[in-house]
>>> print(open('start_23.csv').read())   # CSV, C-alpha atoms
chain,number,residue,atom,x,y,z
A,1,MET,CA,23.3,-40.6,-26.7
A,2,ASN,CA,21.7,-43.0,-24.3
A,3,ARG,CA,18.4,-43.6,-25.8
A,4,THR,CA,16.3,-46.7,-25.5
A,5,ALA,CA,14.1,-47.6,-28.4
A,6,VAL,CA,10.5,-48.5,-27.4
A,7,ALA,CA,8.1,-49.9,-29.9
A,8,TRP,CA,4.9,-47.9,-30.2
A,9,ASP,CA,2.8,-50.9,-30.5
A,10,CYS,CA,3.8,-52.4,-27.2
A,11,ARG,CA,2.2,-55.6,-26.1
A,12,PRO,CA,-0.1,-55.5,-23.0
A,13,SER,CA,2.4,-57.3,-20.9
A,14,GLU,CA,5.1,-54.8,-21.8
A,15,CYS,CA,3.2,-51.5,-21.7
A,16,SER,CA,4.4,-49.5,-18.8
A,17,LEU,CA,1.0,-47.8,-17.9
A,18,LYS,CA,-0.8,-51.0,-17.9
A,19,ARG,CA,1.8,-52.5,-15.6
A,20,ARG,CA,1.4,-49.5,-13.2
A,21,PRO,CA,-2.3,-48.9,-12.7
A,22,LEU,CA,-1.6,-46.5,-9.8
A,23,ALA,CA,0.5,-44.2,-12.1
A,24,ALA,CA,-2.2,-44.3,-14.7
A,25,LEU,CA,-4.8,-43.3,-12.1
A,26,VAL,CA,-2.6,-40.4,-11.0
A,27,ILE,CA,-2.2,-39.2,-14.6
A,28,LEU,CA,-5.9,-39.4,-15.2
A,29,LEU,CA,-6.6,-37.5,-12.0
A,30,LEU,CA,-4.2,-34.8,-13.0
A,31,LEU,CA,-5.8,-34.5,-16.4
A,32,PHE,CA,-9.2,-34.0,-14.8
A,33,VAL,CA,-8.1,-31.8,-11.9
A,34,THR,CA,-5.8,-29.4,-13.7
A,35,PRO,CA,-8.5,-27.6,-15.7
A,36,GLY,CA,-10.5,-27.2,-12.4
A,37,VAL,CA,-7.5,-25.7,-10.7
A,38,ALA,CA,-6.9,-23.4,-13.6
A,39,GLN,CA,-10.5,-22.3,-13.4
A,40,ALA,CA,-10.2,-21.7,-9.7
A,41,VAL,CA,-7.1,-19.6,-10.2
A,42,ALA,CA,-8.8,-17.7,-12.9
A,43,GLY,CA,-11.8,-17.2,-10.6
A,44,GLN,CA,-9.4,-15.8,-7.9
A,45,THR,CA,-7.9,-13.3,-10.3
A,46,THR,CA,-11.3,-12.0,-11.3
A,47,SER,CA,-12.7,-12.0,-7.8
A,48,THR,CA,-10.1,-9.5,-6.7
A,49,SER,CA,-12.2,-6.8,-8.3
A,50,VAL,CA,-15.0,-7.6,-5.9
A,51,VAL,CA,-13.9,-7.4,-2.3
A,52,ARG,CA,-15.6,-6.9,1.1
A,53,ALA,CA,-14.7,-3.5,2.5
A,54,THR,CA,-15.6,-1.1,5.2
A,55,HIS,CA,-16.1,2.5,4.0
A,56,LEU,CA,-14.5,4.6,6.7
A,57,LEU,CA,-15.1,8.0,5.2
A,58,GLY,CA,-15.0,10.3,2.2
A,59,PHE,CA,-16.7,8.2,-0.6
A,60,ALA,CA,-19.5,10.5,-1.8
A,61,GLY,CA,-23.0,9.2,-1.0
A,62,ALA,CA,-21.8,6.3,1.2
A,63,ARG,CA,-22.4,6.3,5.0
A,64,ASN,CA,-19.3,6.4,7.2
A,65,LYS,CA,-18.2,3.1,8.7
A,66,ALA,CA,-20.5,1.2,6.4
A,67,LYS,CA,-19.7,-2.4,5.4
A,68,GLY,CA,-20.3,-3.5,1.9
A,69,ILE,CA,-18.9,-4.7,-1.4
A,70,LEU,CA,-16.3,-2.7,-3.3
A,71,SER,CA,-16.1,-3.7,-6.9
A,72,ILE,CA,-14.8,-2.6,-10.2
A,73,ASP,CA,-17.6,-2.5,-12.7
A,74,GLY,CA,-16.4,-1.4,-16.2
A,75,ASP,CA,-14.9,2.0,-15.8
A,76,ALA,CA,-16.4,2.7,-12.4
A,77,LEU,CA,-15.5,1.8,-8.9
A,78,ARG,CA,-18.6,0.9,-7.0
A,79,PHE,CA,-19.4,0.6,-3.3
A,80,GLN,CA,-22.6,-1.3,-2.5
A,81,ARG,CA,-24.0,-1.6,1.0
A,82,SER,CA,-26.5,-4.3,1.4
A,83,GLY,CA,-30.0,-3.0,1.1
A,84,THR,CA,-29.0,0.4,-0.2
A,85,PRO,CA,-28.4,1.7,-3.7
A,86,SER,CA,-24.7,1.6,-4.8
A,87,VAL,CA,-22.5,4.6,-5.2
A,88,GLN,CA,-19.8,4.9,-7.7
A,89,VAL,CA,-17.0,7.0,-9.1
A,90,GLN,CA,-15.3,7.0,-12.5
A,91,ILE,CA,-12.0,5.3,-12.3
A,92,SER,CA,-10.5,7.9,-14.6
A,93,SER,CA,-11.3,10.6,-12.0
A,94,ILE,CA,-9.1,8.9,-9.4
A,95,GLN,CA,-5.9,11.0,-9.0
A,96,ASP,CA,-4.1,8.8,-6.5
A,97,VAL,CA,-4.4,5.4,-4.8
A,98,VAL,CA,-2.4,4.9,-1.6
A,99,LEU,CA,-2.1,1.8,0.4
A,100,GLY,CA,-1.7,1.6,4.1
A,101,ASN,CA,-2.0,-0.8,7.0
A,102,GLN,CA,-3.4,-0.5,10.4
A,103,SER,CA,-3.9,-2.6,13.5
A,104,ARG,CA,-7.0,-2.3,15.6
A,105,GLN,CA,-8.5,-3.9,18.7
A,106,VAL,CA,-11.3,-6.3,18.0
A,107,GLY,CA,-14.4,-7.0,20.0
A,108,GLY,CA,-15.6,-3.4,20.3
A,109,ILE,CA,-17.2,-2.1,23.6
A,110,PRO,CA,-18.2,-5.6,25.0
A,111,LEU,CA,-14.6,-6.9,24.9
A,112,THR,CA,-13.3,-3.5,26.2
A,113,LEU,CA,-15.6,-3.8,29.2
A,114,ALA,CA,-14.7,-7.5,29.7
A,115,LYS,CA,-11.0,-6.6,29.6
A,116,ALA,CA,-11.6,-3.8,32.2
A,117,ALA,CA,-13.3,-6.4,34.4
A,118,ILE,CA,-10.3,-8.8,34.5
A,119,PRO,CA,-8.5,-8.4,37.8
A,120,TYR,CA,-4.8,-7.5,38.2
A,121,SER,CA,-4.8,-5.6,34.8
A,122,GLY,CA,-5.2,-8.9,33.0
A,123,GLY,CA,-7.1,-7.0,30.3
A,124,ARG,CA,-4.0,-5.3,29.2
A,125,ALA,CA,-2.4,-8.7,28.4
A,126,VAL,CA,-5.5,-9.7,26.5
A,127,SER,CA,-5.2,-6.5,24.4
A,128,LEU,CA,-1.8,-7.6,23.2
A,129,PHE,CA,-3.5,-10.5,21.4
A,130,SER,CA,-6.9,-9.1,20.6
A,131,HIS,CA,-5.9,-7.0,17.7
A,132,LYS,CA,-6.3,-7.5,14.0
A,133,LYS,CA,-4.3,-6.1,11.1
A,134,TYR,CA,-6.0,-4.8,8.0
A,135,ASP,CA,-5.2,-2.8,4.8
A,136,THR,CA,-6.4,0.7,4.1
A,137,LEU,CA,-7.0,2.0,0.6
A,138,THR,CA,-7.0,5.7,0.3
A,139,LEU,CA,-8.5,7.1,-2.9
A,140,GLU,CA,-8.1,10.7,-4.0
A,141,TYR,CA,-10.6,11.7,-6.7
A,142,VAL,CA,-12.4,14.6,-8.1
A,143,ASP,CA,-16.2,14.8,-8.7
A,144,ALA,CA,-18.1,16.3,-11.6
A,145,GLU,CA,-17.8,19.8,-10.2
A,146,GLY,CA,-14.0,19.5,-9.8
A,147,GLY,CA,-14.3,19.1,-6.0
A,148,PHE,CA,-11.6,17.0,-4.4
A,149,HIS,CA,-12.5,14.0,-2.3
A,150,GLY,CA,-10.4,11.7,-0.1
A,151,ALA,CA,-12.0,8.3,0.6
A,152,ILE,CA,-10.7,5.6,2.9
A,153,PHE,CA,-11.7,2.0,2.8
A,154,GLU,CA,-10.7,-0.8,5.2
A,155,LEU,CA,-10.0,-4.2,3.5
A,156,LYS,CA,-8.7,-7.5,4.6
A,157,LYS,CA,-5.0,-7.8,4.8
A,158,GLY,CA,-3.5,-8.4,1.3
A,159,GLN,CA,-6.5,-7.4,-0.7
A,160,ALA,CA,-5.7,-3.7,-1.2
A,161,GLU,CA,-2.7,-4.3,-3.4
A,162,ALA,CA,-4.6,-6.4,-5.9
A,163,LEU,CA,-7.4,-3.9,-6.0
A,164,ARG,CA,-4.9,-1.1,-6.7
A,165,HIS,CA,-3.3,-3.0,-9.5
A,166,GLU,CA,-6.7,-3.4,-11.1
A,167,LEU,CA,-7.6,0.3,-10.6
A,168,VAL,CA,-4.3,1.3,-12.3
A,169,ALA,CA,-4.9,-1.1,-15.1
A,170,LYS,CA,-8.3,0.5,-15.7
A,171,GLY,CA,-6.9,4.0,-15.8
A,172,ALA,CA,-6.6,5.3,-12.2
A,173,ARG,CA,-3.6,7.6,-11.8
A,174,VAL,CA,-1.0,6.9,-9.1
A,175,ILE,CA,1.5,9.5,-8.2
A,176,ASN,CA,4.1,7.0,-7.2
A,177,THR,CA,3.9,3.3,-8.1
A,178,GLU,CA,5.5,2.3,-4.8
A,179,ASN,CA,2.9,4.6,-3.2
A,180,THR,CA,2.4,3.0,0.2
A,181,GLU,CA,2.1,4.8,3.5
A,182,ALA,CA,5.1,2.8,4.8
A,183,ASN,CA,7.2,4.1,2.0
A,184,ARG,CA,6.2,7.6,2.8
A,185,GLY,CA,7.6,7.2,6.2
A,186,GLY,CA,4.4,7.0,8.0
A,187,ARG,CA,3.0,4.3,10.2
A,188,GLU,CA,-0.5,4.3,11.4
B,189,MET,CA,-26.3,69.4,21.4
B,190,LYS,CA,-25.1,67.4,18.4
B,191,THR,CA,-22.1,66.1,20.4
B,192,THR,CA,-24.5,64.7,23.0
B,193,ARG,CA,-26.6,63.1,20.4
B,194,ALA,CA,-23.6,61.4,18.8
B,195,ALA,CA,-22.4,60.2,22.2
B,196,ILE,CA,-25.8,58.7,22.9
B,197,LEU,CA,-25.8,56.9,19.6
B,198,LEU,CA,-22.3,55.5,20.1
B,199,LEU,CA,-23.2,54.4,23.6
B,200,ALA,CA,-26.3,52.6,22.3
B,201,ALA,CA,-24.2,50.9,19.6
B,202,ALA,CA,-21.6,49.8,22.2
B,203,PHE,CA,-24.4,48.4,24.4
B,204,LEU,CA,-25.8,46.4,21.5
B,205,MET,CA,-22.4,45.0,20.7
B,206,ILE,CA,-21.9,43.9,24.3
B,207,ALA,CA,-25.4,42.6,24.8
B,208,TYR,CA,-25.7,40.5,21.6
B,209,PRO,CA,-22.2,39.7,20.5
B,210,SER,CA,-22.9,36.1,19.5
B,211,ARG,CA,-26.0,37.0,17.5
B,212,LEU,CA,-24.0,39.7,15.6
B,213,SER,CA,-21.1,37.4,15.0
B,214,ALA,CA,-23.4,34.6,13.8
B,215,GLU,CA,-25.1,37.0,11.4
B,216,THR,CA,-21.9,38.2,10.0
B,217,ALA,CA,-20.4,34.7,9.8
B,218,ALA,CA,-23.5,33.4,8.0
B,219,ARG,CA,-22.6,35.6,5.1
B,220,TRP,CA,-19.4,33.9,4.5
B,221,SER,CA,-18.7,30.7,2.5
B,222,VAL,CA,-15.7,28.6,3.1
B,223,GLN,CA,-13.6,26.6,0.7
B,224,VAL,CA,-11.6,23.9,2.5
B,225,SER,CA,-8.2,23.3,0.9
B,226,ARG,CA,-6.3,20.0,1.0
B,227,VAL,CA,-4.3,19.4,4.1
B,228,ASN,CA,-0.6,20.2,3.8
B,229,ALA,CA,1.5,17.7,5.7
B,230,GLY,CA,4.3,20.2,6.2
B,231,THR,CA,7.5,18.7,7.4
B,232,THR,CA,5.8,15.8,9.1
B,233,SER,CA,5.4,12.2,7.9
B,234,LEU,CA,1.6,12.4,8.0
B,235,THR,CA,0.1,9.6,6.0
B,236,PRO,CA,-2.2,10.3,3.1
B,237,SER,CA,-5.1,8.6,4.8
B,238,PHE,CA,-4.8,11.0,7.7
B,239,GLN,CA,-4.6,14.0,5.3
B,240,ALA,CA,-7.8,12.8,3.6
B,241,ALA,CA,-9.5,12.1,6.9
B,242,ILE,CA,-8.7,15.6,8.3
B,243,TYR,CA,-10.0,17.2,5.0
B,244,GLU,CA,-13.2,15.1,5.0
B,245,ASN,CA,-13.9,15.6,8.7
B,246,LEU,CA,-13.3,19.4,8.3
B,247,LEU,CA,-16.0,19.5,5.6
B,248,GLU,CA,-18.4,17.6,7.8
B,249,GLU,CA,-17.8,19.5,11.0
B,250,LEU,CA,-17.8,22.9,9.4
B,251,SER,CA,-21.2,22.1,7.8
B,252,LYS,CA,-22.5,21.1,11.2
B,253,THR,CA,-21.8,24.5,12.6
B,254,LYS,CA,-24.5,26.1,10.4
B,255,ARG,CA,-22.7,29.4,10.6
B,256,LEU,CA,-21.4,29.3,7.0
B,257,ARG,CA,-23.5,29.7,3.9
B,258,HIS,CA,-21.6,27.2,1.9
B,259,VAL,CA,-18.8,24.7,2.7
B,260,LEU,CA,-17.0,23.9,-0.5
B,261,ARG,CA,-14.4,21.4,-1.5
B,262,ASP,CA,-11.0,22.2,-2.9
B,263,GLY,CA,-11.2,22.8,-6.6
B,264,ASP,CA,-15.0,23.1,-6.7
B,265,GLN,CA,-15.9,25.2,-9.7
B,266,GLU,CA,-18.9,26.7,-7.8
B,267,ALA,CA,-16.4,28.7,-5.7
B,268,THR,CA,-15.8,31.1,-8.5
B,269,ASP,CA,-19.4,32.3,-8.3
B,270,VAL,CA,-19.5,32.7,-4.5
B,271,ALA,CA,-19.1,36.3,-3.5
B,272,ASP,CA,-17.9,36.2,0.1
B,273,LEU,CA,-15.5,33.3,0.1
B,274,LEU,CA,-12.9,32.4,2.8
B,275,VAL,CA,-10.3,29.8,2.1
B,276,LEU,CA,-9.4,27.4,5.0
B,277,THR,CA,-5.8,26.2,4.8
B,278,THR,CA,-4.5,23.6,7.3
B,279,THR,CA,-0.8,22.9,7.7
B,280,VAL,CA,0.3,20.1,10.0
B,281,GLU,CA,2.9,21.1,12.5
B,282,LYS,CA,3.3,18.0,14.7
B,283,TYR,CA,2.2,14.5,14.3
B,284,SER,CA,2.9,11.4,16.4
B,285,ALA,CA,1.5,8.2,15.1
B,286,GLY,CA,0.1,6.3,17.9
B,287,SER,CA,-0.9,2.7,18.3
B,288,GLU,CA,-4.3,1.4,19.4
B,289,THR,CA,-2.8,-1.8,20.8
B,290,LEU,CA,-0.2,0.1,22.8
B,291,ARG,CA,-2.9,2.4,24.2
B,292,ALA,CA,-5.0,-0.5,25.2
B,293,ALA,CA,-2.1,-2.3,26.8
B,294,THR,CA,-0.4,0.5,28.6
B,295,THR,CA,-2.9,3.5,28.8
B,296,VAL,CA,0.0,6.0,29.1
B,297,ALA,CA,1.7,5.3,25.7
B,298,GLY,CA,0.6,5.1,22.1
B,299,TRP,CA,-1.3,8.3,22.0
B,300,THR,CA,-2.0,9.7,18.5
B,301,LYS,CA,-1.3,13.5,18.5
B,302,LEU,CA,-2.0,16.0,15.8
B,303,THR,CA,-1.2,19.7,15.9
B,304,VAL,CA,-2.1,21.9,13.0
B,305,HIS,CA,-1.9,25.6,12.1
B,306,THR,CA,-5.1,26.7,10.4
B,307,GLN,CA,-6.1,29.9,8.9
B,308,LEU,CA,-9.0,31.5,7.1
B,309,SER,CA,-8.2,34.0,4.5
B,310,THR,CA,-10.1,36.0,2.0
B,311,ARG,CA,-9.4,35.8,-1.8
B,312,ASP,CA,-7.1,38.7,-1.6
B,313,GLY,CA,-5.0,37.0,1.1
B,314,LYS,CA,-6.2,38.9,4.1
B,315,VAL,CA,-6.2,36.5,7.1
B,316,VAL,CA,-9.4,36.8,9.2
B,317,PHE,CA,-8.8,33.8,11.5
B,318,GLU,CA,-5.6,32.1,12.6
B,319,ARG,CA,-5.2,29.5,15.2
B,320,THR,CA,-3.0,26.5,16.2
B,321,LEU,CA,-5.1,23.6,17.3
B,322,SER,CA,-4.7,20.0,18.2
B,323,GLY,CA,-6.6,16.7,18.1
B,324,ASN,CA,-5.5,13.6,20.1
B,325,VAL,CA,-6.6,10.1,20.9
B,326,ARG,CA,-5.4,9.1,24.3
B,327,PHE,CA,-7.5,6.1,25.4
B,328,PHE,CA,-10.2,4.6,23.3
B,329,GLY,CA,-10.8,4.7,19.6
B,330,SER,CA,-8.8,4.2,16.4
B,331,ASN,CA,-5.9,6.4,15.3
B,332,LEU,CA,-8.1,8.1,12.7
B,333,ARG,CA,-10.3,9.4,15.5
B,334,ALA,CA,-7.6,12.0,16.1
B,335,THR,CA,-8.6,13.6,12.8
B,336,HIS,CA,-12.2,13.7,13.8
B,337,ASN,CA,-11.3,15.4,17.1
B,338,LEU,CA,-9.0,17.8,15.4
B,339,ALA,CA,-11.7,18.8,12.8
B,340,ARG,CA,-14.2,19.3,15.6
B,341,ASN,CA,-11.9,21.6,17.5
B,342,ILE,CA,-11.3,23.6,14.4
B,343,ALA,CA,-15.0,23.9,13.7
B,344,LYS,CA,-15.6,25.0,17.3
B,345,ALA,CA,-12.9,27.7,17.0
B,346,VAL,CA,-14.4,29.0,13.8
B,347,LYS,CA,-17.8,29.0,15.3
B,348,LYS,CA,-16.7,31.0,18.3
B,349,SER,CA,-14.6,33.5,16.3
B,350,PRO,CA,-16.2,36.8,15.4
B,351,LEU,CA,-15.6,36.8,11.7
B,352,VAL,CA,-15.6,40.2,10.1
B,353,ASN,CA,-18.7,41.2,8.2
B,354,PRO,CA,-17.7,40.8,4.5
B,355,ALA,CA,-20.1,43.4,3.2
B,356,LEU,CA,-19.5,46.2,5.7
B,357,PRO,CA,-16.1,46.9,7.2
B,358,ALA,CA,-15.9,46.7,11.0
B,359,LEU,CA,-15.9,49.9,13.0
B,360,ALA,CA,-12.6,50.2,14.7
B,361,THR,CA,-12.5,53.6,16.4
B,362,VAL,CA,-14.5,56.8,16.4
B,363,THR,CA,-12.6,59.9,17.5
B,364,ASN,CA,-13.2,63.5,17.6
B,365,SER,CA,-9.8,65.1,17.3
B,366,SER,CA,-11.2,68.0,15.4
B,367,THR,CA,-11.8,71.2,17.3
B,368,SER,CA,-15.2,71.5,15.6
B,369,ASP,CA,-18.2,69.5,17.0
B,370,GLU,CA,-19.4,68.9,13.5
B,371,VAL,CA,-16.5,66.6,12.5
B,372,ALA,CA,-15.9,63.1,13.8
B,373,VAL,CA,-13.2,60.8,12.4
B,374,VAL,CA,-14.4,57.3,11.8
B,375,GLU,CA,-11.9,54.5,11.2
B,376,PHE,CA,-12.7,51.1,9.7
B,377,ARG,CA,-10.7,47.9,9.6
>>> encode(input="start_23.csv", output="structure tokens")
Amino acid sequence: MNRTAVAWDCRPSECSLKRRPLAALVILLLLFVTPGVAQAVAGQTTSTSVVRATHLLGFAGARNKAKGILSIDGDALRFQRSGTPSVQVQISSIQDVVLGNQSRQVGGIPLTLAKAAIPYSGGRAVSLFSHKKYDTLTLEYVDAEGGFHGAIFELKKGQAEALRHELVAKGARVINTENTEANRGGRE
Amino acid sequence: MKTTRAAILLLAAAFLMIAYPSRLSAETAARWSVQVSRVNAGTTSLTPSFQAAIYENLLEELSKTKRLRHVLRDGDQEATDVADLLVLTTTVEKYSAGSETLRAATTVAGWTKLTVHTQLSTRDGKVVFERTLSGNVRFFGSNLRATHNLARNIAKAVKKSPLVNPALPALATVTNSSTSDEVAVVEFR
């Protein structure tokens, strides 16, 4: 075995760290930065239970097309629109969670009018680039009276999957673990 | 003499039916409650979000008609206590998934089309309303807007339809085949 014996009580002139101050600085920085990074990562994992979402329809008590915060609070899924009381459902009452993705035009009516005003149908070309993809989260749940509800939320791309994992971990039922709308053969 | 009186009464009834058909149908429909069943995707590849959207929009649009006493959800326990209950079932027959970007870019392509077969039936399975309706998005709006348009069309059709009075059977025919003037045969449906 090719081993080199190094004395533990090395003299200052021989100690490798003291000979390489830059390496020492990097090691020190790593020691300080690593816990910070770990905390940040931990923060990201917990923050997935709180996401910005647009309620499209179906969540009892919430207004359609309302923007707000969708969060998992204990054993409840809560939707809070700013300035209004939150509405929630028990996660155990969720019968299925289905993910989907959609693409929609951005800019609303102002951009639509602007596109229409562009000569030589230039607005059509703009439409090819003025769209945004987002995730949809469809929840099927039953209320206290046994009534079936179907709620749809619009989330930023990539957020729905993490939220579904958390919902499943908290007791939401999913009919198919690979339950996405693409897998069901549908495209929106 | 009695025949003349009966004829006058029948004529008066017929006149009332012609003069105030909407009022009569509204009054009879107001006695019904409707329970909306979950949407059956049939053989189509309709996505769950569309099924949920049709279902929720149907509940909303049927409530807006104000012609039904209650509009209940699928599985609602309250439905067992409701006397005159109709069950609305919706089966998707055709579905073409559109694209909002394609609609905006081409105008003539990317339409979202939905065609469903819907029927209202009583608890014992008697169908009182049956129709094939569609909801499309051709130019502006998201794909899910097709579900809203479809639900609105279904609600309009239910509103216009003369639903049969649940308490009293509808008068179908009145004939006097008997030789005697005292007997009249009355048929209900």
>>> atom_distance(input="start_23.csv", atom1="CA of Ala144 in chain A", atom2="CA of Asn337 in chain B")
29.5 Å
>>> interface_residues(input="start_23.csv", of="chain B", to="chain A", cutoff="10 Å", atoms="only C-alpha atoms", output="mmCIF file with C-alpha atoms, in the coordinates of the input")
data_model
loop_
_atom_site.group_PDB
_atom_site.id
_atom_site.type_symbol
_atom_site.label_atom_id
_atom_site.label_comp_id
_atom_site.auth_asym_id
_atom_site.auth_seq_id
_atom_site.Cartn_x
_atom_site.Cartn_y
_atom_site.Cartn_z
ATOM 1 C CA VAL B 224 -11.600 23.900 2.500
ATOM 2 C CA SER B 225 -8.200 23.300 0.900
ATOM 3 C CA ARG B 226 -6.300 20.000 1.000
ATOM 4 C CA THR B 232 5.800 15.800 9.100
ATOM 5 C CA SER B 233 5.400 12.200 7.900
ATOM 6 C CA LEU B 234 1.600 12.400 8.000
ATOM 7 C CA THR B 235 0.100 9.600 6.000
ATOM 8 C CA PRO B 236 -2.200 10.300 3.100
ATOM 9 C CA SER B 237 -5.100 8.600 4.800
ATOM 10 C CA PHE B 238 -4.800 11.000 7.700
ATOM 11 C CA GLN B 239 -4.600 14.000 5.300
ATOM 12 C CA ALA B 240 -7.800 12.800 3.600
ATOM 13 C CA ALA B 241 -9.500 12.100 6.900
ATOM 14 C CA ILE B 242 -8.700 15.600 8.300
ATOM 15 C CA TYR B 243 -10.000 17.200 5.000
ATOM 16 C CA GLU B 244 -13.200 15.100 5.000
ATOM 17 C CA ASN B 245 -13.900 15.600 8.700
ATOM 18 C CA LEU B 247 -16.000 19.500 5.600
ATOM 19 C CA GLU B 248 -18.400 17.600 7.800
ATOM 20 C CA LEU B 260 -17.000 23.900 -0.500
ATOM 21 C CA ARG B 261 -14.400 21.400 -1.500
ATOM 22 C CA ASP B 262 -11.000 22.200 -2.900
ATOM 23 C CA GLY B 263 -11.200 22.800 -6.600
ATOM 24 C CA ASP B 264 -15.000 23.100 -6.700
ATOM 25 C CA GLN B 265 -15.900 25.200 -9.700
ATOM 26 C CA GLU B 266 -18.900 26.700 -7.800
ATOM 27 C CA ALA B 267 -16.400 28.700 -5.700
ATOM 28 C CA SER B 284 2.900 11.400 16.400
ATOM 29 C CA ALA B 285 1.500 8.200 15.100
ATOM 30 C CA GLY B 286 0.100 6.300 17.900
ATOM 31 C CA SER B 287 -0.900 2.700 18.300
ATOM 32 C CA GLU B 288 -4.300 1.400 19.400
ATOM 33 C CA THR B 289 -2.800 -1.800 20.800
ATOM 34 C CA LEU B 290 -0.200 0.100 22.800
ATOM 35 C CA ARG B 291 -2.900 2.400 24.200
ATOM 36 C CA ALA B 292 -5.000 -0.500 25.200
ATOM 37 C CA ALA B 293 -2.100 -2.300 26.800
ATOM 38 C CA THR B 294 -0.400 0.500 28.600
ATOM 39 C CA THR B 295 -2.900 3.500 28.800
ATOM 40 C CA THR B 300 -2.000 9.700 18.500
ATOM 41 C CA PHE B 328 -10.200 4.600 23.300
ATOM 42 C CA GLY B 329 -10.800 4.700 19.600
ATOM 43 C CA SER B 330 -8.800 4.200 16.400
ATOM 44 C CA ASN B 331 -5.900 6.400 15.300
ATOM 45 C CA LEU B 332 -8.100 8.100 12.700
#
>>> residues_near_point(input="start_23.csv", point="(-7.7, -1.3, -9.0)", cutoff="10 Å", atoms="only C-alpha atoms", output="list in words")
Thr48, Ser49, Ser71, Ile72, Leu77, Ile91, Val97, Ala160, Glu161, Ala162, Leu163, Arg164, His165, Glu166, Leu167, Val168, Ala169, Lys170, Gly171 and Ala172 of chain A
>>> closest_residue(input="start_23.csv", among="A:Ala116, A:Val106, A:Leu155, A:Val174", to="Ala53 in chain A", atoms="all atoms listed in the file")
A:Leu155
>>> residues_around(input="start_23.csv", residues="Arg52 in chain A", least_positions_apart="2", cutoff="9 Å", atoms="only C-alpha atoms", output="MDAnalysis selection string")
chainID A and resid 50 54 67:71 154:156
>>> write_last_selection(input="start_23.csv", atoms="C-alpha atoms", output="compact mmCIF listing (two decimals), in the frame of the given file")
# COMPACT_ATOMS: atom_id res chain seq x y z
CA VAL A 50 -15.00 -7.60 -5.90
CA THR A 54 -15.60 -1.10 5.20
CA LYS A 67 -19.70 -2.40 5.40
CA GLY A 68 -20.30 -3.50 1.90
CA ILE A 69 -18.90 -4.70 -1.40
CA LEU A 70 -16.30 -2.70 -3.30
CA SER A 71 -16.10 -3.70 -6.90
CA GLU A 154 -10.70 -0.80 5.20
CA LEU A 155 -10.00 -4.20 3.50
CA LYS A 156 -8.70 -7.50 4.60
>>> atom_distance(input="start_23.csv", atom1="CA of Thr279 in chain B", atom2="CA of Gly230 in chain B")
6.0 Å
>>> atom_distance(input="start_23.csv", atom1="CA of Val280 in chain B", atom2="CA of Ser221 in chain B")
23.0 Å
>>> closest_residue(input="start_23.csv", among="B:Leu276, B:Ala343, B:Val227, B:Ala271", to="Ser309 in chain B", atoms="only C-alpha atoms")
B:Leu276
>>> residues_around(input="start_23.csv", residues="Phe317 in chain B", least_positions_apart="2", cutoff="10 Å", atoms="all atoms listed in the file", output="VMD selection string")
chain B and resid 274 276 306 to 310 314 to 315 319 345 to 346 349 to 352
>>> closest_residue(input="start_23.csv", among="B:Lys344, B:Arg255, B:Arg219, B:Arg326", to="Trp299 in chain B", atoms="all atoms listed in the file")
B:Arg326
